[in-house]
Each structure stands twice: as C-alpha cells, then as structure tokens.
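Worksheet: the structure to be examined is printed underneath.
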Amino acid sequence: ECAFRYYLSKVLKIDLFEESFKTIIGNIVHHILELGLKKDIDINVEIIKFIKEKDYVLTSREYFYLEMLSEDIKKILRVIKKQSLHSKLNKYLFENEFYVYKDRQDINVSFKGLIDKVMYADINGKEVIMVVDYKTGSTLVTLDNLEYGLNIQLPIYLYLLKNSERFKDAVIAGFYVQKVLDSVPSIVDGKSINELREENMRLQGYSNSSNSILELIDDEYQDSKIIKGLRFKTNGELYSSAKVLSSKDMDDLTVKVDLKIEECISNILEGKFDINPKVINNKNISCTYCKFKDICFKCKKDEIVLGGEVDELDEGTGVSN
C-alpha cells in the first residue's frame with residue numbers, strides 16, 4: 001500500500017503491536033472454530049481455557065460480552081458444519097505456516113504465510129484443495145488490483161501452497177473468505193435470523209470453473225447455498241458475473257504473485273521506501289488507517305493513482321481542488 005509505511009513499520013519498527021479486545025475476539029473465534037470442526041466441545045469452557053493459556057487480562061464488561069459471543073459462535077459453527085456436509089473436501093489443515101525461500105545478493109529471504117483453513121481430499125489419486133480465510137469484519141475479494149500487489153492475500157495463500165512440497169501438484173478448487181462475525185439484519189423479506197446468517201456466511205471468492213471440481217466443493221453447486229454469486233442459467237451455463245477461473249488461471253495467479261514478491265524483495269534490498277500511497281476509484285486506500293500520519297510528509301503528488309483520478313473535495317467547502 002505504501003513503501004514508506006512499510007519502512008516505518010518493518011525496518012524502523014516504530015509501531016509496537018498492542019493487543020486489543022478486537023484482536024482477542026478474532027483469536028478466540030479462530031481457535032474455537034478450529035477445535036469445533038475437529039471434535040465436539042463445550043464452547044464456554046474452551047473460551048475460558050484459551051483466555052487463561054494466552055494470559056489475556058479482561059474486564060468484567062469484556063467477559064460479559066464473551067458470554068454473548070459464545071452463543072454466536074455456536075450458531076456460526078453449526079452453519080460451517082452444515083456446509084461441510086455438502087463437500088467432499090473433508091480433510092482440514094488449520095493455522096498452518098507455509099514458507100518459500102529465496103536467495104538474493106547472498107541474503108537468505110524467507111516468505112511466510114499463515115493460512116486459516118485448507119480443505120482438501122484425494123480424488124482419483126490427485127489432491128484437490130481449497131482455501132478459506134475467516135474474517136470477523138468486511139473485506140474486498142477481487143483480482144482487479146493484483147498487478148499492483150493489492151488485495152493479494154488469498155492469491156498469496158495459493159502461491160504458498162503450490163510452492164510447498166505437499167501441495168505443488170494439487171488442483172485448486174477455490175479460494176474464499178468467510179465472514180464469521182459480520183452483522184446480520186433482524187429481518188429481510190420474512191427470512192429468519194438463521195437463514196440470514198447462512199446467507200451471510202456463504203463463501204466469497206473465486207471457484208474453479210470445472211463442474212466436476214465445483215461438485216467437490218458443494219454437491220448442490222448449481223443452486224449453491226454455500227458459494228456466493230455462483231449462478232447458472234437454465235441452459236446450465238454460468239452467468240458472466242460468476243467468479244470462476246480455470247485451473248490454468250489459478251496456477252497463473254501464483255506466477256503473478258511470485259513476480260510481485262520478487263519486485264518487493266528488490267525494492268527492499270535497494271532501499272526504495274518512497275512515500276507512495278495508492279488511490280483507487282478516487283479513494284486513498286493507504287492513508288485512511290495509517291498510524292504514521294503525524295510523521296509522514298505526504299503530498300498530493302506522492303499518490304499513485306490507479307484507475308483514473310478525480311481530485312478529492314476540499315474539506316469544508318465541497319469544492320474540488
């Protein structure tokens with residue numbers, strides 16, 4: 001998003017990580033969903049056990065919130081288990097680290113990623129895999145900005161898997177995010193809360209375009225209640241809006257990711273840490289939540305505009321600069 005931001009964070013290391021209640025909730029949800037898919041558990045007991053193991057110090061108010069949260073997690077887990085009944089990819093890897101090593105200028109570079117969930121199965125002697133990344137908030141799943149190295153988290157996971165000894169020959173069935181704690185409306189068109197939650201937790205991302213592979217993800221894929229936006233016409237063809245890629249397209253993604261990683265390594269080794277926030281559709285996506293605004297001397301000319309530029313409105317006047 002910005003080379004200077006990387007420099008301040010990863011080279012000078014001036015943004016000390018502070019554990020917040022929000023990050024603690026995310027850790028708890030990931031942990032409980034992993035346990036709950038492996039075996040039957042008492043969610044309340046496991047939450048308290050996890051808090052003690054991690055030495056989290058919580059207030060009475062936060063403990064009260066966690067009691068309510070445990071009920072939501074039960075419902076979330078129920079939905080995920082229901083979805084899994086329709087999938088033949090019934091083996092799991094949780095929170096696994098994958099590494100790719102590169103040698104540049106006599107420097108050993110390691111590129112590491114931690115993947116929430118890999119679902120896989122051996123189908124006719126060939127491993128088929130899909131990636132699911134749990135999100136406790138909203139996120140954007142798009143490949144539109146891949147050439148700029150943006151919204152690249154899921155493609156990076158594919159890259160790590162396909163460069164591992166274990167999954168280098170595997171077929172990619174899909175890669176998705178799954179919203180597990182997003183807000184659910186109280187009522188829409190007479191639908192129940194449970195129906196809305198199931199809709200809200202559909203997988204969002206890209207699927208393999210092969211029908212035989214889609215059937216491995218969801219045995220009711222032609223009217224999928226698991227994958228969002230996977231819609232078929234009456235003649236059996238996919239709508240053009242469906243997010244599908246061929247196996248070759250997915251493998252090509254990993255090549256593009258490798259090029260971006262090589263580019264980043266070169267820039268880091270050459271000390272290229274320019275102030276270069278990115279602007280997409282007239283929105284500065286790099287500076288909005290940046291911790292370093294007070295020590296950054298960003299000017300308008302520093303912005304890297306992707307996809308056309310319309311000047312921001314002058315604050316307080318409603319007039320373009």
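Quick note on naming: the chains in the structure tokens go A, B, ... in the order shown, residues restart at 1 in each chain, and ligands are numbered from 1 in order of appearance.
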
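Around stretch 45-52 of chain A, within 10 Å and counting only C-alpha atoms, the residues found are Ile24, Asn27, Ile28, Val29, His31, Ile32, Leu35, Gly36, Val57, Leu58, Tyr63, Leu66, Glu67 and Ser70 of chain A, once anything fewer than 5 positions away on its own chain is removed.
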
- Item | Close residues, A:Ile217 itself excluded, 8 Å, only C-alpha atoms, min 2 positions apart in chain, as JSON, numbers by chain | {"A": [86, 87, 88, 89, 173, 213, 214, 215, 219, 221]}

Store the residues of this selection in a file with C-alpha atoms, as a CSV table (one decimal), in the first residue's frame.
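Wrote selection.csv, looks like this:
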chain,number,residue,atom,x,y,z
A,86,HIS,CA,-22.1,-30.9,1.1
A,87,SER,CA,-18.4,-31.0,0.4
A,88,LYS,CA,-16.2,-33.9,-0.4
A,89,LEU,CA,-13.1,-31.9,0.6
A,173,ALA,CA,-10.8,-25.9,-6.2
A,213,ILE,CA,-14.5,-29.7,-9.2
A,214,LEU,CA,-17.4,-27.4,-8.2
A,215,GLU,CA,-19.3,-30.6,-7.2
A,219,ASP,CA,-22.8,-31.2,-4.2
A,221,TYR,CA,-23.4,-26.2,-6.7

- Message: Using DSSP assignments from the backbone, pull out every residue in stretch 78-115 of chain A that falls under strand (DSSP E or B) and give it to me as an MDAnalysis selection string.
- Response: chainID A and resid 91:104 107:115

- Task: List every residue of stretch 83-184 of chain A that DSSP, applied to the backbone of this structure, assigns to alpha helix (DSSP H), and report them as an MDAnalysis selection string.
- Result: chainID A and resid 83:84 153:162

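Among A:Leu238, A:Ala3, A:Leu203, A:Leu77, the residue with the shortest atom-to-atom distance to A:Asp42, counting only C-alpha atoms, is A:Leu77.
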
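For the residues A:Val141, A:Leu146, A:Cys287, A:Leu245, ranking by smallest atom-to-atom distance to A:Ile275 using only C-alpha atoms places A:Cys287 first.
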
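In this model, the gap between atom CA of A:Ile115 and atom CA of A:Glu95 comes to 5.2 Å.
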
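Among A:Tyr120, A:Phe292, A:Tyr239, A:Phe297, the residue with the shortest atom-to-atom distance to A:Asp15, counting only C-alpha atoms, is A:Phe292.
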
- Item | Neighbour list for A:Leu306 as a list of chain:residue names, cut-off 9 Å, only C-alpha atoms, skip fewer than 4 positions in-chain | A:Asn145, A:Tyr148, A:Lys278, A:Val279, A:Ile280, A:Asn281, A:Asn282

Select from stretch 192-286 of chain A every residue with an atom at most 8 Å from any atom of stretch 79-85 of chain A, then for each give the shortest pair of atoms and their distance in Å to one decimal, using only C-alpha atoms, rows by chain and rising number, as a tab-separated table.
residue	atom	partner	partner_atom	distance
A:Glu198	CA	A:Val79	CA	6.3
A:Met201	CA	A:Val79	CA	7.8
A:Ile226	CA	A:Gln83	CA	6.4

Select from stretch 40-110 of chain A every residue with an atom at most 10 Å from any atom of stretch 252-274 of chain A, then for each give the shortest pair of atoms and their distance in Å to one decimal, using only C-alpha atoms, rows by chain and rising number, as CSV.
residue,atom,partner,partner_atom,distance
A:Lys102,CA,A:Glu262,CA,9.0
A:Arg104,CA,A:Ile265,CA,8.3
A:Gln105,CA,A:Leu269,CA,8.6
A:Ile107,CA,A:Leu269,CA,9.3
A:Val109,CA,A:Ile265,CA,8.2

Save out the residues we just selected, N, CA and C atoms, as a PDB file, in the first residue's frame.
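out-v8.pdb written:
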ATOM      1  N   LYS A 102      14.035 -17.753  -0.777  1.00  0.00           N
ATOM      2  CA  LYS A 102      14.682 -17.201  -1.957  1.00  0.00           C
ATOM      3  C   LYS A 102      16.063 -16.670  -1.560  1.00  0.00           C
ATOM      4  N   ARG A 104      18.890 -13.965  -2.536  1.00  0.00           N
ATOM      5  CA  ARG A 104      19.148 -12.753  -3.327  1.00  0.00           C
ATOM      6  C   ARG A 104      20.344 -12.024  -2.751  1.00  0.00           C
ATOM      7  N   GLN A 105      21.351 -11.750  -3.580  1.00  0.00           N
ATOM      8  CA  GLN A 105      22.522 -10.985  -3.170  1.00  0.00           C
ATOM      9  C   GLN A 105      23.139 -11.546  -1.885  1.00  0.00           C
ATOM     10  N   ILE A 107      21.759 -13.007   0.401  1.00  0.00           N
ATOM     11  CA  ILE A 107      20.846 -12.864   1.535  1.00  0.00           C
ATOM     12  C   ILE A 107      19.771 -13.936   1.423  1.00  0.00           C
ATOM     13  N   VAL A 109      16.259 -15.005   1.975  1.00  0.00           N
ATOM     14  CA  VAL A 109      14.957 -14.371   2.173  1.00  0.00           C
ATOM     15  C   VAL A 109      13.908 -15.451   2.417  1.00  0.00           C
TER      16      VAL A 109
END

- Name the residues in contact with A:Val131 at a cut-off of 12 Å, using only C-alpha atoms, excluding same-chain residues fewer than 6 positions from it; report them as a PyMOL selection string. chain A and resi 89+91-96+114-120+153-162+171-178+203-207+217

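With distances restricted to only C-alpha atoms, A:Asn163 is the closest residue to A:Tyr99 from A:Asn163, A:Thr139, A:Ser240, A:Thr59.
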
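Considering only C-alpha atoms, the residue among A:Arg197, A:Lys54, A:Lys233, A:His30 positioned nearest to A:Lys135 is A:His30.
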